[in-house]
$ cat run10.cif   # mmCIF, C-alpha atoms and all ligand atoms
data_entry
#
loop_
_atom_site.label_atom_id
_atom_site.label_comp_id
_atom_site.auth_asym_id
_atom_site.auth_seq_id
_atom_site.Cartn_x
_atom_site.Cartn_y
_atom_site.Cartn_z
CA MET A 440 50.85 -101.75 94.81
CA LYS A 441 50.30 -101.32 98.58
CA ILE A 442 53.60 -100.86 100.41
CA VAL A 443 53.86 -100.50 104.20
CA VAL A 444 56.95 -98.68 105.48
CA ILE A 445 57.64 -99.62 109.12
CA GLY A 446 59.47 -96.62 110.60
CA GLY A 447 57.90 -94.52 107.84
CA THR A 448 58.21 -91.32 109.89
CA GLY A 449 61.99 -91.60 110.44
CA LEU A 450 64.93 -90.17 108.47
CA ILE A 451 64.99 -92.88 105.78
CA GLY A 452 61.33 -93.84 106.16
CA SER A 453 59.90 -90.39 105.43
CA LYS A 454 62.08 -90.00 102.32
CA LEU A 455 61.10 -93.47 101.13
CA VAL A 456 57.38 -92.86 101.68
CA GLU A 457 57.60 -89.63 99.69
CA LYS A 458 59.37 -91.33 96.77
CA LEU A 459 56.97 -94.30 96.66
CA ARG A 460 53.93 -91.99 96.78
CA LYS A 461 55.39 -89.86 93.99
CA ASP A 462 55.69 -93.06 91.92
CA GLY A 463 51.98 -93.71 92.49
CA HIS A 464 52.14 -96.49 95.09
CA ASP A 465 49.59 -96.80 97.88
CA THR A 466 52.09 -96.25 100.69
CA LEU A 467 51.44 -96.39 104.43
CA ALA A 468 53.89 -94.70 106.81
CA ALA A 469 53.71 -96.97 109.86
CA SER A 470 55.16 -96.04 113.25
CA PRO A 471 54.00 -95.63 116.85
CA ASP A 472 53.12 -92.03 115.91
CA THR A 473 50.65 -93.32 113.31
CA GLY A 474 49.26 -96.10 115.56
CA VAL A 475 51.45 -99.00 114.35
CA ASN A 476 53.89 -100.51 116.84
CA ALA A 477 56.14 -103.31 115.58
CA LEU A 478 57.36 -104.04 119.11
CA THR A 479 53.95 -104.57 120.75
CA GLY A 480 52.14 -105.62 117.56
CA GLU A 481 49.55 -102.84 118.00
CA GLY A 482 47.90 -101.89 114.70
CA LEU A 483 50.05 -104.26 112.60
CA ALA A 484 47.32 -106.56 111.27
CA GLU A 485 45.17 -103.60 110.14
CA ALA A 486 48.16 -101.81 108.57
CA LEU A 487 49.21 -104.86 106.57
CA GLU A 488 45.76 -105.66 105.18
CA GLY A 489 46.07 -105.90 101.38
CA ALA A 490 49.81 -105.08 101.38
CA GLN A 491 52.18 -106.72 98.89
CA VAL A 492 55.41 -105.35 100.35
CA VAL A 493 56.70 -104.35 103.80
CA VAL A 494 59.87 -102.27 104.13
CA ASP A 495 61.32 -102.26 107.66
CA VAL A 496 63.35 -99.11 108.31
CA ALA A 497 62.46 -98.79 111.99
CA ASN A 498 65.21 -98.06 114.49
CA ALA A 499 65.35 -98.78 118.20
CA PRO A 500 64.64 -95.79 120.46
CA ALA A 501 67.19 -97.05 123.06
CA TRP A 502 70.58 -98.52 122.16
CA ASP A 503 71.72 -100.28 125.34
CA ASP A 504 72.60 -103.89 124.57
CA ALA A 505 69.48 -105.59 125.95
CA ALA A 506 66.97 -103.02 124.68
CA VAL A 507 68.31 -102.88 121.14
CA LEU A 508 68.51 -106.67 120.85
CA ASP A 509 64.95 -107.03 122.12
CA PHE A 510 63.77 -104.31 119.72
CA PHE A 511 65.16 -105.85 116.54
CA LYS A 512 64.32 -109.46 117.46
CA THR A 513 60.79 -108.85 118.73
CA SER A 514 59.81 -106.36 116.03
CA SER A 515 61.15 -108.64 113.27
CA ARG A 516 59.26 -111.65 114.68
CA ASN A 517 56.05 -109.63 114.95
CA LEU A 518 56.41 -108.26 111.43
CA LEU A 519 57.15 -111.61 109.81
CA ALA A 520 54.18 -113.24 111.60
CA ALA A 521 51.81 -110.42 110.59
CA GLU A 522 53.13 -110.50 107.01
CA THR A 523 52.53 -114.25 106.78
CA ALA A 524 48.97 -113.79 108.02
CA ALA A 525 48.37 -110.96 105.52
CA GLY A 526 49.98 -112.79 102.56
CA VAL A 527 52.74 -110.19 102.06
CA GLY A 528 55.12 -111.33 99.30
CA HIS A 529 58.27 -109.26 99.96
CA HIS A 530 59.94 -108.16 103.19
CA VAL A 531 62.69 -105.55 102.75
CA THR A 532 65.05 -104.77 105.65
CA LEU A 533 67.59 -101.99 105.96
CA SER A 534 70.79 -103.09 107.69
CA VAL A 535 74.38 -101.87 107.91
CA VAL A 536 77.49 -102.80 105.89
CA GLY A 537 79.82 -104.73 108.22
CA THR A 538 77.07 -105.95 110.56
CA ASP A 539 78.66 -109.41 110.76
CA ARG A 540 82.16 -108.01 111.43
CA LEU A 541 81.42 -106.08 114.67
CA PRO A 542 80.36 -108.64 117.29
CA ASP A 543 81.74 -106.45 120.13
CA SER A 544 78.95 -103.96 119.49
CA GLY A 545 75.53 -104.62 121.02
CA TYR A 546 73.91 -102.57 118.25
CA PHE A 547 75.53 -104.66 115.51
CA ARG A 548 74.74 -107.93 117.34
CA ALA A 549 71.10 -106.81 117.31
CA LYS A 550 71.22 -105.97 113.57
CA ALA A 551 72.80 -109.41 112.90
CA ALA A 552 69.97 -111.06 114.85
CA GLN A 553 67.45 -109.09 112.79
CA GLU A 554 69.11 -110.21 109.55
CA ASP A 555 69.14 -113.87 110.71
CA LEU A 556 65.42 -113.80 111.52
CA VAL A 557 64.61 -112.33 108.11
CA LYS A 558 66.84 -114.83 106.26
CA SER A 559 65.40 -117.84 108.09
CA GLY A 560 61.84 -116.50 108.08
CA PRO A 561 58.84 -117.48 105.96
CA VAL A 562 58.59 -114.32 103.81
CA PRO A 563 60.62 -113.77 100.61
CA TYR A 564 63.07 -110.98 101.40
CA THR A 565 65.74 -108.54 100.33
CA ILE A 566 68.23 -107.09 102.82
CA LEU A 567 69.90 -103.81 101.89
CA ARG A 568 73.06 -103.15 103.87
CA ALA A 569 73.92 -99.45 103.72
CA THR A 570 77.00 -97.60 104.94
CA GLN A 571 76.84 -94.64 107.33
CA PHE A 572 74.50 -91.85 106.27
CA PHE A 573 76.07 -88.38 105.91
CA GLU A 574 73.23 -87.28 108.22
CA PHE A 575 74.59 -89.65 110.93
CA ILE A 576 78.15 -88.27 111.09
CA GLY A 577 77.17 -85.61 113.63
CA ARG A 578 75.85 -88.33 115.94
CA ILE A 579 79.07 -90.32 115.46
CA ALA A 580 81.05 -87.21 116.45
CA ASP A 581 78.82 -86.73 119.51
CA SER A 582 79.41 -90.34 120.57
CA GLY A 583 83.20 -89.72 120.65
CA THR A 584 82.98 -86.34 122.39
CA ASP A 585 84.59 -85.61 125.73
CA GLY A 586 84.52 -81.89 126.49
CA ASP A 587 85.96 -80.06 123.47
CA THR A 588 87.63 -83.15 122.04
CA VAL A 589 86.18 -85.76 119.70
CA ARG A 590 88.14 -89.02 119.72
CA LEU A 591 87.44 -91.14 116.67
CA SER A 592 88.94 -94.10 114.87
CA PRO A 593 90.80 -93.27 111.63
CA ALA A 594 89.28 -96.37 109.99
CA LEU A 595 88.03 -96.08 106.42
CA VAL A 596 84.33 -95.45 105.82
CA GLN A 597 82.39 -94.96 102.60
CA PRO A 598 79.35 -92.92 103.67
CA GLU A 599 76.34 -91.88 101.61
CA ALA A 600 73.33 -89.58 101.52
CA ALA A 601 70.09 -90.76 103.17
CA ASP A 602 68.29 -89.66 99.99
CA ASP A 603 70.31 -92.19 97.93
CA VAL A 604 69.54 -94.95 100.43
CA ALA A 605 65.83 -94.17 100.16
CA SER A 606 65.99 -94.23 96.33
CA THR A 607 67.66 -97.64 96.35
CA LEU A 608 65.09 -98.97 98.82
CA ALA A 609 62.29 -97.66 96.60
CA ASP A 610 63.74 -99.61 93.63
CA ILE A 611 64.13 -102.75 95.72
CA ALA A 612 60.62 -102.50 97.16
CA VAL A 613 58.95 -102.57 93.75
CA GLY A 614 61.21 -105.34 92.41
CA ALA A 615 61.07 -109.09 92.99
CA PRO A 616 62.51 -110.40 96.28
CA LEU A 617 66.19 -111.34 95.86
CA ASN A 618 66.31 -113.62 98.92
CA ASP A 619 69.78 -112.17 99.31
CA THR A 620 71.74 -109.26 100.77
CA VAL A 621 72.92 -106.33 98.67
CA GLU A 622 75.25 -103.53 99.72
CA LEU A 623 75.08 -99.80 98.99
CA ALA A 624 77.95 -97.38 99.65
CA GLY A 625 78.86 -93.81 98.82
CA PRO A 626 81.16 -92.80 95.94
CA GLU A 627 84.22 -91.93 98.10
CA ALA A 628 86.11 -93.39 101.04
CA PHE A 629 87.25 -91.23 103.97
CA ARG A 630 89.04 -91.72 107.27
CA LEU A 631 86.31 -91.47 109.90
CA ASP A 632 88.16 -88.83 111.96
CA GLU A 633 88.77 -86.71 108.84
CA LEU A 634 85.12 -86.94 107.82
CA ALA A 635 83.97 -85.72 111.24
CA ARG A 636 86.60 -82.94 111.16
CA ARG A 637 85.25 -81.72 107.80
CA LEU A 638 81.66 -81.76 109.03
CA LEU A 639 82.41 -79.93 112.28
CA SER A 640 84.54 -77.37 110.50
CA ALA A 641 81.78 -76.71 107.93
CA LYS A 642 79.37 -76.15 110.83
CA ASP A 643 81.83 -73.88 112.69
CA ASP A 644 81.76 -76.38 115.54
CA PRO A 645 84.82 -75.65 117.75
CA ARG A 646 85.39 -79.26 118.88
CA GLN A 647 88.78 -80.71 117.92
CA VAL A 648 88.84 -84.18 116.35
CA THR A 649 91.67 -86.54 117.35
CA ALA A 650 92.45 -89.84 115.61
CA ASP A 651 92.79 -92.83 117.95
CA VAL A 652 93.01 -96.36 116.54
CA HIS A 653 91.54 -97.68 119.80
CA ALA A 654 88.55 -95.32 119.86
CA ARG A 655 85.43 -97.46 119.82
CA TYR A 656 82.59 -97.14 117.37
CA PHE A 657 79.45 -98.15 119.27
CA ASP A 658 81.65 -100.39 121.48
CA ALA A 659 83.68 -101.99 118.67
CA GLU A 660 87.25 -101.21 117.57
CA LEU A 661 87.45 -100.66 113.83
CA ASP A 662 89.92 -101.43 111.09
CA ASP A 663 89.80 -100.46 107.42
CA ARG A 664 87.62 -103.47 106.56
CA SER A 665 85.05 -103.08 109.36
CA LEU A 666 82.66 -100.63 107.69
CA THR A 667 83.71 -100.66 104.04
CA PRO A 668 81.70 -102.51 101.38
CA GLY A 669 82.63 -105.49 99.20
CA ASP A 670 83.46 -105.30 95.50
CA ASP A 671 79.86 -105.92 94.38
CA ALA A 672 78.33 -102.99 96.28
CA ARG A 673 76.05 -100.59 94.43
CA ILE A 674 77.49 -97.07 94.50
CA ALA A 675 75.28 -94.14 95.47
CA PRO A 676 75.81 -90.94 93.43
CA THR A 677 75.93 -88.08 95.96
CA ARG A 678 79.37 -86.85 97.03
CA PHE A 679 79.97 -85.60 100.57
CA GLU A 680 80.95 -82.03 99.62
CA ASP A 681 77.85 -81.69 97.40
CA TRP A 682 75.62 -82.96 100.21
CA LEU A 683 77.33 -80.60 102.64
CA SER A 684 76.82 -77.55 100.45
CA ARG A 685 73.18 -78.52 99.85
CA SER A 686 72.42 -79.34 103.48
CA GLY A 687 72.62 -75.69 104.50
CA LYS A 688 75.35 -76.61 107.01
N1 LIG A 701 72.42 -94.31 110.73
C1 LIG A 701 73.12 -94.88 109.78
O1 LIG A 701 74.14 -94.36 109.31
C2 LIG A 701 72.63 -96.21 109.23
C3 LIG A 701 73.40 -96.86 108.27
C4 LIG A 701 72.90 -98.05 107.70
C5 LIG A 701 71.67 -98.56 108.13
N2 LIG A 701 70.97 -97.91 109.10
C6 LIG A 701 69.66 -98.46 109.50
O2 LIG A 701 68.65 -97.60 108.99
C7 LIG A 701 67.44 -97.83 109.71
C8 LIG A 701 66.66 -96.53 109.84
O3 LIG A 701 67.43 -95.55 110.46
P1 LIG A 701 66.91 -94.03 110.58
O4 LIG A 701 68.12 -93.22 110.92
O5 LIG A 701 66.07 -93.67 109.40
O6 LIG A 701 65.99 -94.13 111.89
P2 LIG A 701 65.20 -92.94 112.62
O7 LIG A 701 65.25 -91.67 111.88
O8 LIG A 701 65.66 -92.99 114.06
O9 LIG A 701 63.69 -93.46 112.56
C9 LIG A 701 63.29 -94.57 113.27
C10 LIG A 701 61.87 -94.91 112.89
O10 LIG A 701 61.51 -96.10 113.60
C11 LIG A 701 60.23 -95.89 114.14
N3 LIG A 701 59.98 -96.74 115.29
C12 LIG A 701 60.53 -96.68 116.53
N4 LIG A 701 59.98 -97.61 117.32
C13 LIG A 701 59.08 -98.28 116.55
C14 LIG A 701 58.17 -99.33 116.81
N5 LIG A 701 58.07 -99.89 118.02
N6 LIG A 701 57.36 -99.76 115.81
C15 LIG A 701 57.43 -99.18 114.57
N7 LIG A 701 58.27 -98.17 114.27
C16 LIG A 701 59.08 -97.74 115.26
C17 LIG A 701 60.21 -94.41 114.52
O11 LIG A 701 58.86 -93.99 114.71
P3 LIG A 701 58.48 -92.75 115.71
O12 LIG A 701 59.01 -91.54 115.04
O13 LIG A 701 56.98 -92.82 115.78
O14 LIG A 701 59.15 -93.07 117.01
C18 LIG A 701 60.83 -93.81 113.27
O15 LIG A 701 59.88 -93.72 112.24
C19 LIG A 701 67.87 -98.53 111.01
O16 LIG A 701 67.42 -99.87 110.97
C20 LIG A 701 69.39 -98.52 110.99
O17 LIG A 701 69.96 -99.66 111.56
C21 LIG A 701 71.42 -96.76 109.65
#
$ encode --input "run10.cif" --output "structure tokens"
Amino acid sequence: MKIVVIGGTGLIGSKLVEKLRKDGHDTLAASPDTGVNALTGEGLAEALEGAQVVVDVANAPAWDDAAVLDFFKTSSRNLLAAETAAGVGHHVTLSVVGTDRLPDSGYFRAKAAQEDLVKSGPVPYTILRATQFFEFIGRIADSGTDGDTVRLSPALVQPEAADDVASTLADIAVGAPLNDTVELAGPEAFRLDELARRLLSAKDDPRQVTADVHARYFDAELDDRSLTPGDDARIAPTRFEDWLSRSGK
């Protein structure tokens, strides 16, 4: 089966490409670095020739409100049009648990727009909504940093390993389109401030983490329901402490 991974050189994309290749699939890692640009359309038609499945795990290079909205809307439109022309039978998109609950965030408005285009588009689809990757917690801490202090919401999160997200995407990509949204979350819930504190402490990072219920997460205030999954979510196996000890700190 030929599978094209848009964003195939990124964190999730490179893990997914490796897994699909190991399983014997003809897998193309597509990104601007490999001559395929979902935003301009460059190289898309050639990349999709003969493909049965496209998995979109691209991310916007700039996250200001207008740029990120344009990225997810334009790239999704370009992909769906190119897939229709190439006869692709399954479009898989990676989104975020809680996307519809954070309208104050430009990033989440852009992900919601991406989901809407996929759901109303012409190609059979599956949307996987994942929770925060363990690998992303450092960036979350950076976003709340002011000097030596990191101000973060104490809202509940249920993060997971990028490796587990890639494995689930690999399963979805080779299955039939669900024309639906499924959720994936890690095996344990944490307070976001506590999670960042544990990561920074494991890395001997001297910044102090302070809980603040009004601290914004990519422009949105959080509560315990904002980023946590529903009852039907699939649960990824890797625990935070195991990931931490394996990640070489
Ligand atoms: N971070 C989280 O905790 C989290 C949680 C749930 C879901 N997600 C979703 O997961 C997805 C992937 O995230 P990630 O962290 O793996 O991203 P990443 O490591 O930043 O990788 C982004 C990928 O997108 C590619 N890309 C950028 N512009 C492109 C374009 N114009 N056309 C085609 N490809 C382009 C990049 O290619 P180059 O390297 O060539 O620039 C790279 O391969 C995102 O959609 C995000 O919303 C993230």
$ residues_near_point --input "run10.cif" --point "(61.1, -96.8, 109.3)" --cutoff "7 Å" --atoms "only C-alpha atoms" --output "list of chain:residue names"
A:Val444, A:Ile445, A:Gly446, A:Gly447, A:Thr448, A:Gly449, A:Ile451, A:Gly452, A:Asp495, A:Val496, A:Ala497, A:Asn498
$ closest_residue --input "run10.cif" --among "A:Pro668, A:Pro563, A:Pro645, A:Gly614" --to "ligand LIG 701 (chain A)" --atoms "all atoms listed in the file"
A:Pro668
$ closest_residue --input "run10.cif" --among "A:Lys642, A:Gly489, A:Thr620, A:Ala468" --to "Ser686 of chain A" --atoms "all atoms listed in the file"
A:Lys642
$ atom_distance --input "run10.cif" --atom1 "atom CA of Glu680 of chain A" --atom2 "atom N1 of ligand LIG 701 (chain A)"
18.6 Å
$ closest_residue --input "run10.cif" --among "A:Ala612, A:Ala484, A:Leu591, A:Ala505" --to "Ser544 of chain A" --atoms "only C-alpha atoms"
A:Ala505
$ residues_near_ligand --input "run10.cif" --ligand "ligand LIG 701 (chain A)" --cutoff "9 Å" --atoms "all atoms listed in the file" --output "ChimeraX atom specification"
/A:444-454,468-481,495-500,510-511,514,532-536,546-547,550,567-576,578-579,598-599,601,604
$ closest_residue --input "run10.cif" --among "A:Asp585, A:Asp509, A:Arg678, A:Ala520" --to "Ala549 of chain A" --atoms "all atoms listed in the file"
A:Asp509
$ atom_distance --input "run10.cif" --atom1 "atom CA of Ala580 of chain A" --atom2 "atom CA of Ser640 of chain A"
12.0 Å
$ residues_near_point --input "run10.cif" --point "(53.1, -109.2, 102.3)" --cutoff "7 Å" --atoms "only C-alpha atoms" --output "ChimeraX atom specification"
/A:490-493,522-523,525-530
$ closest_residue --input "run10.cif" --among "A:Asp539, A:Asp465, A:Asp587, A:Glu622" --to "Asp670 of chain A" --atoms "all atoms listed in the file"
A:Glu622
$ closest_residue --input "run10.cif" --among "A:Leu467, A:Asn517, A:Thr667, A:Gly625" --to "Asp602 of chain A" --atoms "all atoms listed in the file"
A:Gly625
$ build_atoms --input "run10.cif" --residues "segment 489-514 of chain A" --atoms "N, CA, C and O atoms" --output "PDB file, keeping the file's coordinate frame"
ATOM      1  N   GLY A 489      45.982-106.210 102.803  1.00  0.00           N
ATOM      2  CA  GLY A 489      46.070-105.900 101.380  1.00  0.00           C
ATOM      3  C   GLY A 489      47.445-105.470 100.903  1.00  0.00           C
ATOM      4  O   GLY A 489      47.627-105.101  99.735  1.00  0.00           O
ATOM      5  N   ALA A 490      48.470-105.534 101.790  1.00  0.00           N
ATOM      6  CA  ALA A 490      49.810-105.080 101.380  1.00  0.00           C
ATOM      7  C   ALA A 490      50.566-106.182 100.629  1.00  0.00           C
ATOM      8  O   ALA A 490      50.456-107.356 100.959  1.00  0.00           O
ATOM      9  N   GLN A 491      51.317-105.771  99.608  1.00  0.00           N
ATOM     10  CA  GLN A 491      52.180-106.720  98.890  1.00  0.00           C
ATOM     11  C   GLN A 491      53.606-106.700  99.445  1.00  0.00           C
ATOM     12  O   GLN A 491      54.322-107.680  99.369  1.00  0.00           O
ATOM     13  N   VAL A 492      54.011-105.533  99.948  1.00  0.00           N
ATOM     14  CA  VAL A 492      55.410-105.350 100.350  1.00  0.00           C
ATOM     15  C   VAL A 492      55.464-104.638 101.700  1.00  0.00           C
ATOM     16  O   VAL A 492      54.684-103.707 101.943  1.00  0.00           O
ATOM     17  N   VAL A 493      56.403-105.076 102.560  1.00  0.00           N
ATOM     18  CA  VAL A 493      56.700-104.350 103.800  1.00  0.00           C
ATOM     19  C   VAL A 493      58.183-103.988 103.783  1.00  0.00           C
ATOM     20  O   VAL A 493      59.033-104.854 103.528  1.00  0.00           O
ATOM     21  N   VAL A 494      58.467-102.709 104.021  1.00  0.00           N
ATOM     22  CA  VAL A 494      59.870-102.270 104.130  1.00  0.00           C
ATOM     23  C   VAL A 494      60.101-101.879 105.592  1.00  0.00           C
ATOM     24  O   VAL A 494      59.404-101.003 106.111  1.00  0.00           O
ATOM     25  N   ASP A 495      61.060-102.529 106.235  1.00  0.00           N
ATOM     26  CA  ASP A 495      61.320-102.260 107.660  1.00  0.00           C
ATOM     27  C   ASP A 495      62.541-101.346 107.788  1.00  0.00           C
ATOM     28  O   ASP A 495      63.675-101.790 107.634  1.00  0.00           O
ATOM     29  N   VAL A 496      62.256-100.071 108.062  1.00  0.00           N
ATOM     30  CA  VAL A 496      63.350 -99.110 108.310  1.00  0.00           C
ATOM     31  C   VAL A 496      63.194 -98.492 109.699  1.00  0.00           C
ATOM     32  O   VAL A 496      63.610 -97.357 109.944  1.00  0.00           O
ATOM     33  N   ALA A 497      62.588 -99.279 110.613  1.00  0.00           N
ATOM     34  CA  ALA A 497      62.460 -98.790 111.990  1.00  0.00           C
ATOM     35  C   ALA A 497      63.821 -98.837 112.665  1.00  0.00           C
ATOM     36  O   ALA A 497      64.712 -99.591 112.262  1.00  0.00           O
ATOM     37  N   ASN A 498      63.990 -98.015 113.686  1.00  0.00           N
ATOM     38  CA  ASN A 498      65.210 -98.060 114.490  1.00  0.00           C
ATOM     39  C   ASN A 498      64.805 -98.069 115.956  1.00  0.00           C
ATOM     40  O   ASN A 498      63.751 -97.552 116.320  1.00  0.00           O
ATOM     41  N   ALA A 499      65.659 -98.663 116.773  1.00  0.00           N
ATOM     42  CA  ALA A 499      65.350 -98.780 118.200  1.00  0.00           C
ATOM     43  C   ALA A 499      65.475 -97.414 118.866  1.00  0.00           C
ATOM     44  O   ALA A 499      66.440 -96.692 118.614  1.00  0.00           O
ATOM     45  N   PRO A 500      64.529 -97.065 119.746  1.00  0.00           N
ATOM     46  CA  PRO A 500      64.640 -95.790 120.460  1.00  0.00           C
ATOM     47  C   PRO A 500      65.764 -95.807 121.499  1.00  0.00           C
ATOM     48  O   PRO A 500      66.343 -94.764 121.784  1.00  0.00           O
ATOM     49  N   ALA A 501      66.104 -96.978 122.058  1.00  0.00           N
ATOM     50  CA  ALA A 501      67.190 -97.050 123.060  1.00  0.00           C
ATOM     51  C   ALA A 501      68.220 -98.062 122.577  1.00  0.00           C
ATOM     52  O   ALA A 501      67.869 -99.119 122.058  1.00  0.00           O
ATOM     53  N   TRP A 502      69.518 -97.701 122.755  1.00  0.00           N
ATOM     54  CA  TRP A 502      70.580 -98.520 122.160  1.00  0.00           C
ATOM     55  C   TRP A 502      71.407 -99.279 123.192  1.00  0.00           C
ATOM     56  O   TRP A 502      72.509 -99.740 122.871  1.00  0.00           O
ATOM     57  N   ASP A 503      70.936 -99.412 124.455  1.00  0.00           N
ATOM     58  CA  ASP A 503      71.720-100.280 125.340  1.00  0.00           C
ATOM     59  C   ASP A 503      71.528-101.718 124.869  1.00  0.00           C
ATOM     60  O   ASP A 503      70.530-102.056 124.210  1.00  0.00           O
ATOM     61  N   ASP A 504      72.513-102.567 125.199  1.00  0.00           N
ATOM     62  CA  ASP A 504      72.600-103.890 124.570  1.00  0.00           C
ATOM     63  C   ASP A 504      71.285-104.675 124.613  1.00  0.00           C
ATOM     64  O   ASP A 504      70.824-105.189 123.592  1.00  0.00           O
ATOM     65  N   ALA A 505      70.681-104.752 125.803  1.00  0.00           N
ATOM     66  CA  ALA A 505      69.480-105.590 125.950  1.00  0.00           C
ATOM     67  C   ALA A 505      68.299-104.987 125.200  1.00  0.00           C
ATOM     68  O   ALA A 505      67.566-105.697 124.499  1.00  0.00           O
ATOM     69  N   ALA A 506      68.133-103.670 125.298  1.00  0.00           N
ATOM     70  CA  ALA A 506      66.970-103.020 124.680  1.00  0.00           C
ATOM     71  C   ALA A 506      67.034-103.110 123.159  1.00  0.00           C
ATOM     72  O   ALA A 506      66.025-103.384 122.497  1.00  0.00           O
ATOM     73  N   VAL A 507      68.212-102.892 122.609  1.00  0.00           N
ATOM     74  CA  VAL A 507      68.310-102.880 121.140  1.00  0.00           C
ATOM     75  C   VAL A 507      68.142-104.297 120.578  1.00  0.00           C
ATOM     76  O   VAL A 507      67.506-104.500 119.540  1.00  0.00           O
ATOM     77  N   LEU A 508      68.676-105.281 121.305  1.00  0.00           N
ATOM     78  CA  LEU A 508      68.510-106.670 120.850  1.00  0.00           C
ATOM     79  C   LEU A 508      67.037-107.064 120.898  1.00  0.00           C
ATOM     80  O   LEU A 508      66.504-107.647 119.950  1.00  0.00           O
ATOM     81  N   ASP A 509      66.379-106.707 121.999  1.00  0.00           N
ATOM     82  CA  ASP A 509      64.950-107.030 122.120  1.00  0.00           C
ATOM     83  C   ASP A 509      64.158-106.326 121.011  1.00  0.00           C
ATOM     84  O   ASP A 509      63.263-106.923 120.400  1.00  0.00           O
ATOM     85  N   PHE A 510      64.513-105.057 120.731  1.00  0.00           N
ATOM     86  CA  PHE A 510      63.770-104.310 119.720  1.00  0.00           C
ATOM     87  C   PHE A 510      63.836-105.009 118.360  1.00  0.00           C
ATOM     88  O   PHE A 510      62.810-105.281 117.734  1.00  0.00           O
ATOM     89  N   PHE A 511      65.059-105.312 117.899  1.00  0.00           N
ATOM     90  CA  PHE A 511      65.160-105.850 116.540  1.00  0.00           C
ATOM     91  C   PHE A 511      64.648-107.285 116.442  1.00  0.00           C
ATOM     92  O   PHE A 511      64.073-107.663 115.420  1.00  0.00           O
ATOM     93  N   LYS A 512      64.833-108.086 117.523  1.00  0.00           N
ATOM     94  CA  LYS A 512      64.320-109.460 117.460  1.00  0.00           C
ATOM     95  C   LYS A 512      62.792-109.485 117.543  1.00  0.00           C
ATOM     96  O   LYS A 512      62.127-110.103 116.720  1.00  0.00           O
ATOM     97  N   THR A 513      62.246-108.780 118.536  1.00  0.00           N
ATOM     98  CA  THR A 513      60.790-108.850 118.730  1.00  0.00           C
ATOM     99  C   THR A 513      60.047-108.197 117.572  1.00  0.00           C
ATOM    100  O   THR A 513      59.061-108.741 117.061  1.00  0.00           O
ATOM    101  N   SER A 514      60.528-107.030 117.122  1.00  0.00           N
ATOM    102  CA  SER A 514      59.810-106.360 116.030  1.00  0.00           C
ATOM    103  C   SER A 514      59.885-107.201 114.751  1.00  0.00           C
ATOM    104  O   SER A 514      58.895-107.317 114.027  1.00  0.00           O
TER     105      SER A 514
END
